[in-house]
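> Quick one, query33.cif (mmCIF, C-alpha atoms):
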data_coords
loop_
_atom_site.label_atom_id
_atom_site.label_comp_id
_atom_site.auth_asym_id
_atom_site.auth_seq_id
_atom_site.Cartn_x
_atom_site.Cartn_y
_atom_site.Cartn_z
CA MET M 1 -27.82 161.69 89.41
CA THR M 2 -31.54 162.42 89.73
CA LEU M 3 -33.01 165.53 91.27
CA ILE M 4 -36.68 165.78 92.20
CA SER M 5 -38.35 169.05 93.18
CA ASN M 6 -41.70 170.81 93.04
CA ARG M 7 -40.51 173.27 90.33
CA ASP M 8 -40.11 176.06 92.84
CA LYS M 9 -39.33 179.38 91.11
CA GLY M 10 -36.08 179.80 93.02
CA LEU M 11 -34.94 176.30 92.09
CA LEU M 12 -35.84 176.79 88.43
CA ALA M 13 -33.67 179.91 88.36
CA ALA M 14 -30.67 177.84 89.50
CA ASP M 15 -31.44 175.01 87.08
CA TYR M 16 -28.94 176.00 84.38
CA ILE M 17 -26.01 175.64 86.83
CA LEU M 18 -26.63 171.88 87.16
CA GLY M 19 -26.04 171.19 83.46
CA ASP M 20 -26.99 168.09 81.49
CA GLN M 21 -25.54 165.45 83.81
CA VAL M 22 -28.44 165.74 86.24
CA THR M 23 -31.82 164.19 85.46
CA ARG M 24 -34.67 166.40 86.61
CA LEU M 25 -38.00 165.08 87.86
CA THR M 26 -41.10 166.96 88.95
CA CYS M 27 -43.00 165.93 92.06
CA CYS M 28 -46.13 164.18 90.80
CA PHE M 29 -48.01 164.88 94.03
CA HIS M 30 -47.78 168.63 93.34
CA LEU M 31 -48.89 168.06 89.73
CA HIS M 32 -51.79 166.02 91.06
CA GLN M 33 -52.74 168.90 93.37
CA ASN M 34 -52.69 171.29 90.37
CA LEU M 35 -54.88 168.90 88.42
CA LYS M 36 -57.54 169.00 91.12
CA HIS M 37 -58.71 172.29 89.57
CA PHE M 38 -60.01 170.19 86.67
CA GLN M 39 -62.81 167.90 87.74
CA ASN M 40 -63.12 164.15 87.10
CA VAL M 41 -59.63 163.67 85.67
CA GLU M 42 -57.68 162.63 88.78
CA HIS M 43 -58.19 158.92 88.20
CA LEU M 44 -56.36 159.17 84.85
CA PHE M 45 -53.42 161.14 86.22
CA TRP M 46 -51.67 158.31 88.09
CA LEU M 47 -52.29 155.97 85.14
CA LEU M 48 -50.48 158.50 82.95
CA VAL M 49 -47.63 158.87 85.45
CA ASN M 50 -47.14 155.13 85.85
CA SER M 51 -47.27 154.34 82.11
CA LYS M 52 -44.27 152.12 81.47
CA PHE M 53 -44.45 152.34 77.69
CA PRO M 54 -45.05 155.33 75.35
CA ASN M 55 -48.00 153.59 73.64
CA ALA M 56 -49.81 153.14 76.95
CA PHE M 57 -49.16 156.80 77.79
CA LEU M 58 -50.48 158.03 74.42
CA THR M 59 -53.64 155.92 74.77
CA LYS M 60 -54.36 157.33 78.23
CA MET M 61 -53.57 160.87 77.06
CA ALA M 62 -56.06 160.50 74.18
CA GLU M 63 -58.62 159.31 76.74
CA LEU M 64 -57.92 162.38 78.90
CA GLU M 65 -58.13 164.70 75.90
CA ALA M 66 -61.58 163.34 75.06
CA LEU M 67 -62.69 163.69 78.69
CA HIS M 68 -61.21 167.09 79.56
CA PRO M 69 -59.23 169.00 76.87
CA PRO M 70 -57.91 171.80 79.18
CA ALA M 71 -56.47 169.24 81.63
CA ALA M 72 -54.83 167.38 78.74
CA ARG M 73 -53.37 170.65 77.41
CA TYR M 74 -51.94 171.44 80.87
CA LEU M 75 -50.17 168.08 81.04
CA GLN M 76 -49.02 168.24 77.41
CA TRP M 77 -47.42 171.60 78.17
CA LEU M 78 -45.13 169.87 80.68
CA ASP M 79 -42.00 168.04 79.58
CA ARG M 80 -42.91 164.32 79.60
CA SER M 81 -39.47 163.26 80.81
CA LEU M 82 -40.15 165.15 84.07
CA TRP M 83 -43.17 163.13 85.17
CA VAL M 84 -43.95 160.09 82.96
CA THR M 85 -42.19 156.81 83.82
CA ALA M 86 -42.01 155.79 80.14
CA TYR M 87 -40.06 158.93 79.19
CA ALA M 88 -37.93 159.42 82.33
CA THR M 89 -34.29 159.24 81.28
CA GLY M 90 -32.52 158.73 84.62
CA GLN M 91 -32.84 156.26 87.46
CA THR M 92 -35.81 157.26 89.62
CA PHE M 93 -35.53 154.54 92.32
CA ASP M 94 -39.35 154.29 92.06
CA TYR M 95 -39.81 157.72 93.63
CA LYS M 96 -42.37 159.90 91.86
CA THR M 97 -42.93 162.50 94.54
CA SER M 98 -40.75 164.65 96.77
CA SER M 99 -42.23 162.95 99.85
CA VAL M 100 -38.68 162.17 101.01
CA VAL M 101 -37.96 165.81 101.74
CA GLU M 102 -41.53 166.75 102.70
CA SER M 103 -41.39 164.24 105.56
CA ILE M 104 -38.19 165.87 106.84
CA ASN M 105 -40.00 169.22 106.69
CA GLN M 106 -42.61 167.75 109.01
CA VAL M 107 -39.92 166.40 111.34
CA LEU M 108 -38.57 169.96 111.59
CA LYS M 109 -42.04 171.41 112.21
CA PHE M 110 -41.28 172.75 115.69
CA GLU M 111 -37.66 173.63 114.95
CA ARG M 112 -38.87 175.93 112.14
CA GLN M 113 -40.38 178.20 114.79
CA LEU M 114 -36.92 178.89 116.24
CA SER M 115 -34.58 181.67 115.25
CA ILE M 116 -32.20 180.86 112.39
CA LEU M 117 -29.17 180.09 114.60
CA ASN M 118 -31.15 177.81 116.91
CA LEU M 119 -32.72 176.12 113.88
CA LEU M 120 -29.30 175.43 112.34
CA ASN M 121 -28.09 174.17 115.70
CA GLU M 122 -31.04 171.75 115.94
CA ILE M 123 -30.47 170.50 112.37
CA TRP M 124 -26.81 169.97 113.21
CA HIS M 125 -27.77 167.89 116.28
CA ILE M 126 -30.22 165.80 114.21
CA LEU M 127 -27.51 165.22 111.61
CA MET M 128 -24.90 164.22 114.18
CA HIS M 129 -27.39 161.85 115.82
CA THR M 130 -28.10 160.23 112.42
CA HIS M 131 -24.40 159.90 111.66
CA PHE M 132 -23.77 158.34 115.07
CA GLN M 133 -26.58 155.80 114.53
CA ARG M 134 -25.21 154.92 111.10
CA PHE M 135 -21.69 154.58 112.51
CA THR M 136 -22.95 152.27 115.30
CA MET M 137 -24.79 150.11 112.74
CA ALA M 138 -21.69 149.94 110.54
CA CYS M 139 -19.56 148.85 113.53
CA LYS M 140 -22.00 146.03 114.30
CA ALA M 141 -21.78 144.63 110.77
CA GLU M 142 -19.57 141.60 110.34
CA LYS M 143 -16.33 141.98 108.43
CA ASP M 144 -17.33 139.56 105.64
CA GLN M 145 -20.83 141.03 105.26
CA VAL M 146 -21.20 142.13 101.64
CA HIS M 147 -24.77 143.50 101.75
CA THR M 148 -26.42 145.93 104.12
CA ASP M 149 -29.20 144.54 106.34
CA PHE M 150 -31.82 146.21 104.12
CA ALA M 151 -30.35 144.77 100.91
CA LEU M 152 -29.99 141.32 102.52
CA VAL M 153 -33.69 141.22 103.48
CA LYS M 154 -34.68 142.29 99.95
CA LEU M 155 -32.40 139.65 98.43
CA LEU M 156 -33.77 136.85 100.63
CA GLU M 157 -37.36 137.96 99.87
CA SER M 158 -36.63 137.86 96.12
CA ARG M 159 -35.09 134.37 96.44
CA GLU M 160 -38.19 133.16 98.28
CA TRP M 161 -40.39 134.53 95.49
CA VAL M 162 -38.28 132.79 92.87
CA LYS M 163 -38.52 129.46 94.72
CA ARG M 164 -42.31 129.65 94.94
CA ASN M 165 -43.12 130.94 91.45
CA ARG M 166 -44.45 128.39 88.98
CA ILE M 167 -43.11 128.75 85.47
CA GLY M 168 -44.85 127.28 82.45
CA ILE M 169 -43.74 127.45 78.84
CA ALA M 170 -46.64 128.42 76.57
CA THR M 171 -44.77 128.58 73.25
CA GLN M 172 -41.12 128.76 72.25
CA ILE M 173 -41.04 132.50 72.88
CA ILE M 174 -43.74 132.97 75.55
CA ALA M 175 -43.65 131.78 79.15
CA GLU M 176 -46.09 132.27 81.99
CA VAL M 177 -45.08 132.93 85.60
CA THR M 178 -47.65 132.27 88.33
CA GLN M 179 -46.93 133.66 91.78
CA VAL M 180 -48.03 132.29 95.16
CA ASN M 181 -50.90 134.79 95.23
CA ASP M 182 -52.17 133.31 91.90
CA LYS M 183 -51.17 136.39 89.92
CA ALA M 184 -49.99 135.31 86.50
CA TYR M 185 -47.62 137.23 84.25
CA THR M 186 -46.63 136.62 80.65
CA VAL M 187 -42.96 136.78 79.74
CA GLY M 188 -42.00 137.52 76.16
CA LEU M 189 -38.66 135.76 75.77
CA ALA M 190 -37.95 137.36 72.39
CA GLN M 191 -38.66 140.91 73.62
CA LYS M 192 -37.17 140.11 77.07
CA GLN M 193 -40.17 141.78 78.74
CA CYS M 194 -42.61 140.69 81.41
CA SER M 195 -46.22 141.87 81.75
CA CYS M 196 -45.46 142.83 85.37
CA CYS M 197 -43.55 145.74 83.75
CA HIS M 198 -40.63 145.42 86.22
CA TYR M 199 -38.45 143.47 83.78
CA MET F 1 -20.13 164.12 103.90
CA SER F 2 -23.53 162.44 103.43
CA PHE F 3 -23.43 162.80 99.66
CA ASN F 4 -20.98 159.92 99.19
CA GLN F 5 -23.23 157.52 101.09
CA ILE F 6 -26.52 157.86 99.20
CA HIS F 7 -28.16 156.64 96.02
CA LEU F 8 -27.85 159.06 93.11
CA PHE F 9 -31.22 160.54 94.01
CA VAL F 10 -31.79 163.87 95.73
CA ALA F 11 -35.10 165.49 96.68
CA ILE F 12 -35.12 169.26 97.16
CA ASP F 13 -37.78 171.44 98.75
CA VAL F 14 -38.09 174.96 100.05
CA THR F 15 -40.13 175.61 103.17
CA PHE F 16 -41.02 178.76 105.08
CA LEU F 17 -39.77 179.34 108.59
CA LYS F 18 -42.30 180.32 111.22
CA GLY F 19 -40.09 182.63 113.25
CA GLU F 20 -40.24 186.39 113.65
CA PHE F 21 -38.80 187.08 110.20
CA VAL F 22 -39.94 185.65 106.87
CA GLN F 23 -37.18 183.28 105.81
CA THR F 24 -37.02 180.11 103.75
CA LEU F 25 -35.17 176.90 104.43
CA LEU F 26 -33.83 174.87 101.51
CA LEU F 27 -33.50 171.18 102.31
CA ALA F 28 -31.84 168.49 100.21
CA VAL F 29 -32.47 164.90 101.24
CA GLY F 30 -31.06 161.65 99.84
CA ILE F 31 -31.74 157.95 100.35
CA ASP F 32 -29.03 155.64 101.66
CA ALA F 33 -28.47 151.94 100.96
CA ASN F 34 -30.82 150.97 103.78
CA GLY F 35 -33.62 153.09 102.35
CA HIS F 36 -33.28 155.67 105.13
CA LYS F 37 -33.58 159.39 104.52
CA LEU F 38 -30.42 161.40 104.98
CA ILE F 39 -30.20 165.20 105.11
CA LEU F 40 -27.31 166.31 102.92
CA ASP F 41 -24.68 168.43 104.65
#
Starting from the file, lay out its structure as structure tokens.


Amino acid sequence: MTLISNRDKGLLAADYILGDQVTRLTCCFHLHQNLKHFQNVEHLFWLLVNSKFPNAFLTKMAELEALHPPAARYLQWLDRSLWVTAYATGQTFDYKTSSVVESINQVLKFERQLSILNLLNEIWHILMHTHFQRFTMACKAEKDQVHTDFALVKLLESREWVKRNRIGIATQIIAEVTQVNDKAYTVGLAQKQCSCCHY
Amino acid sequence: MSFNQIHLFVAIDVTFLKGEFVQTLLLAVGIDANGHKLILD
């Protein structure tokens, strides 16, 4: 279970209740906003966040430290497992920001002007509408359908990619995969890693 | 009810209400198998 938040004071106070079974993440957009106080370091921030390996992270951090020591100290003060891909312990589903919930906040922009009872009533109606839509979609699905429509599209897309990729063996332990868009990736068969960083 | 139908990923945020009184709304949102956002109830 992964929980992402913007380290709100109220949420931090309740943190101990969740225990060790929940992986915490910090919204990187909010960190990015904080980092705007330091000039000329924003371009390095997302490189640090998206570092897939500790070595890459340490290299970029050294670069940041040379460029702007206070900004580096601010980021070093934070727990790396909360914001760096290389150190994140739980499954993040590729989400690095709390945009999921921020977008719902925007959806409720006008409802938030209502009194508390009317607001709760509106949220209840939105929820019931969502549940009804989901139920209708589930009823339409065929009985022998294993995947959801979303998963099926993703699966078919991946199969198409696999069919079109060209694979060449460079050495006994290194292969090269060239995609349709001429992007080439190196696969280390011994390390079982690809330079695309997804595998 | 929604909690059983989402990925093990929850985003939490606190937002201020704009009504007569100063109040905050805590929202927890998950992602379902179709990649849609789902408010947890």

> Looking at M:Ile116, M:Val100, M:Val41, M:Leu31, which one is nearest to Phe9 in chain F, with distances taken over all atoms listed in the file?

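Going through M:Ile116, M:Val100, M:Val41, M:Leu31 one by one, the smallest distance to Phe9 in chain F is for M:Val100.
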
> Could the residues of chain M within 10 Å of chain F, counting all atoms listed in the file, be given as a ChimeraX atom specification, please?

/M:1-8,10-11,22-27,90-93,95,97-105,108-116,119-120,123-124,126-127,130-131,147-152

> Go ahead and find all residues with at least one atom no further than 12 Å from (-48.4, 146.5, 85.0) in the file's coordinates, using all atoms listed in the file; report them as a count of residues only.

17

> Could you tell me how far CA of Ala72 in chain M sits from CA of Leu35 in chain M, in Å to one decimal place?

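If I compute the distance from CA of Leu35 in chain M to CA of Ala72 in chain M, I get 9.8 Å.
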
> Just the number, please: distance in Å from CA of Lys36 in chain M to CA of Lys96 in chain M, one decimal.

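So the two atoms, CA of Lys36 in chain M and CA of Lys96 in chain M, lie 17.7 Å apart.
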
> Which neighbours of Phe57 in chain M fall inside 12 Å, counting all atoms listed in the file, when residues of the same chain fewer than 4 positions from it are skipped, and could you give them as a VMD selection string?

chain M and resid 44 to 53 61 to 64 75 to 76 80 83 to 87

> Measure the distance from CA of Gln39 in chain M to CA of Ala71 in chain M in Å and round it to one decimal.

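Going from CA of Gln39 in chain M over to CA of Ala71 in chain M, I get 8.9 Å.
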
> Using the file's own x, y and z axes, what box holds all listed atoms of range 66-75 of chain M with 8 Å on each side, keeping edges along x, y and z, and what are its centre and edge lengths in Å to one decimal, as AutoDock Vina command-line options?


--center_x -56.4 --center_y 167.6 --center_z 78.3 --size_x 28.5 --size_y 24.5 --size_z 22.6

> Could you pull range 15-37 of chain F out of the block above and save it with N, CA and C atoms, as a PDB file, in the first residue's frame?


ATOM      1  N   THR F  15      -7.856  20.362   1.668  1.00  0.00           N
ATOM      2  CA  THR F  15      -8.149  21.619   0.984  1.00  0.00           C
ATOM      3  C   THR F  15      -9.115  22.455   1.822  1.00  0.00           C
ATOM      4  N   PHE F  16      -9.012  23.749   1.681  1.00  0.00           N
ATOM      5  CA  PHE F  16      -9.883  24.638   2.453  1.00  0.00           C
ATOM      6  C   PHE F  16     -11.234  24.787   1.762  1.00  0.00           C
ATOM      7  N   LEU F  17     -12.278  24.891   2.588  1.00  0.00           N
ATOM      8  CA  LEU F  17     -13.605  25.160   2.046  1.00  0.00           C
ATOM      9  C   LEU F  17     -13.780  26.674   1.951  1.00  0.00           C
ATOM     10  N   LYS F  18     -14.651  27.086   1.008  1.00  0.00           N
ATOM     11  CA  LYS F  18     -14.782  28.521   0.775  1.00  0.00           C
ATOM     12  C   LYS F  18     -16.094  29.066   1.324  1.00  0.00           C
ATOM     13  N   GLY F  19     -16.701  28.324   2.211  1.00  0.00           N
ATOM     14  CA  GLY F  19     -17.992  28.739   2.770  1.00  0.00           C
ATOM     15  C   GLY F  19     -17.831  29.810   3.828  1.00  0.00           C
ATOM     16  N   GLU F  20     -18.898  29.960   4.632  1.00  0.00           N
ATOM     17  CA  GLU F  20     -18.910  31.020   5.651  1.00  0.00           C
ATOM     18  C   GLU F  20     -17.874  30.752   6.739  1.00  0.00           C
ATOM     19  N   PHE F  21     -17.711  29.482   7.101  1.00  0.00           N
ATOM     20  CA  PHE F  21     -16.781  29.135   8.171  1.00  0.00           C
ATOM     21  C   PHE F  21     -15.503  28.516   7.588  1.00  0.00           C
ATOM     22  N   VAL F  22     -14.397  28.717   8.306  1.00  0.00           N
ATOM     23  CA  VAL F  22     -13.124  28.142   7.854  1.00  0.00           C
ATOM     24  C   VAL F  22     -13.108  26.656   8.218  1.00  0.00           C
ATOM     25  N   GLN F  23     -13.175  25.822   7.214  1.00  0.00           N
ATOM     26  CA  GLN F  23     -13.162  24.372   7.439  1.00  0.00           C
ATOM     27  C   GLN F  23     -12.265  23.735   6.400  1.00  0.00           C
ATOM     28  N   THR F  24     -11.781  22.543   6.696  1.00  0.00           N
ATOM     29  CA  THR F  24     -10.935  21.850   5.720  1.00  0.00           C
ATOM     30  C   THR F  24     -11.582  20.529   5.313  1.00  0.00           C
ATOM     31  N   LEU F  25     -11.331  20.157   4.096  1.00  0.00           N
ATOM     32  CA  LEU F  25     -11.863  18.904   3.558  1.00  0.00           C
ATOM     33  C   LEU F  25     -10.692  17.975   3.261  1.00  0.00           C
ATOM     34  N   LEU F  26     -10.719  16.793   3.841  1.00  0.00           N
ATOM     35  CA  LEU F  26      -9.670  15.802   3.596  1.00  0.00           C
ATOM     36  C   LEU F  26     -10.180  14.814   2.556  1.00  0.00           C
ATOM     37  N   LEU F  27      -9.466  14.717   1.451  1.00  0.00           N
ATOM     38  CA  LEU F  27      -9.889  13.816   0.374  1.00  0.00           C
ATOM     39  C   LEU F  27      -8.856  12.706   0.181  1.00  0.00           C
ATOM     40  N   ALA F  28      -9.320  11.496   0.003  1.00  0.00           N
ATOM     41  CA  ALA F  28      -8.439  10.375  -0.332  1.00  0.00           C
ATOM     42  C   ALA F  28      -8.923   9.795  -1.654  1.00  0.00           C
ATOM     43  N   VAL F  29      -8.022   9.700  -2.604  1.00  0.00           N
ATOM     44  CA  VAL F  29      -8.395   9.257  -3.951  1.00  0.00           C
ATOM     45  C   VAL F  29      -7.497   8.096  -4.378  1.00  0.00           C
ATOM     46  N   GLY F  30      -8.085   7.093  -4.986  1.00  0.00           N
ATOM     47  CA  GLY F  30      -7.334   5.947  -5.493  1.00  0.00           C
ATOM     48  C   GLY F  30      -7.467   5.832  -6.996  1.00  0.00           C
ATOM     49  N   ILE F  31      -6.765   4.868  -7.568  1.00  0.00           N
ATOM     50  CA  ILE F  31      -6.802   4.632  -9.018  1.00  0.00           C
ATOM     51  C   ILE F  31      -7.325   3.216  -9.238  1.00  0.00           C
ATOM     52  N   ASP F  32      -8.323   3.073 -10.099  1.00  0.00           N
ATOM     53  CA  ASP F  32      -8.854   1.722 -10.335  1.00  0.00           C
ATOM     54  C   ASP F  32      -8.128   1.050 -11.513  1.00  0.00           C
ATOM     55  N   ALA F  33      -8.568  -0.162 -11.855  1.00  0.00           N
ATOM     56  CA  ALA F  33      -7.884  -0.946 -12.878  1.00  0.00           C
ATOM     57  C   ALA F  33      -7.932  -0.298 -14.254  1.00  0.00           C
ATOM     58  N   ASN F  34      -8.902   0.576 -14.469  1.00  0.00           N
ATOM     59  CA  ASN F  34      -8.990   1.278 -15.751  1.00  0.00           C
ATOM     60  C   ASN F  34      -8.222   2.584 -15.755  1.00  0.00           C
ATOM     61  N   GLY F  35      -7.521   2.875 -14.661  1.00  0.00           N
ATOM     62  CA  GLY F  35      -6.755   4.115 -14.575  1.00  0.00           C
ATOM     63  C   GLY F  35      -7.621   5.311 -14.225  1.00  0.00           C
ATOM     64  N   HIS F  36      -8.860   5.066 -13.781  1.00  0.00           N
ATOM     65  CA  HIS F  36      -9.744   6.173 -13.418  1.00  0.00           C
ATOM     66  C   HIS F  36      -9.587   6.510 -11.936  1.00  0.00           C
ATOM     67  N   LYS F  37      -9.815   7.779 -11.633  1.00  0.00           N
ATOM     68  CA  LYS F  37      -9.718   8.215 -10.235  1.00  0.00           C
ATOM     69  C   LYS F  37     -10.999   7.848  -9.495  1.00  0.00           C
TER      70      LYS F  37
END
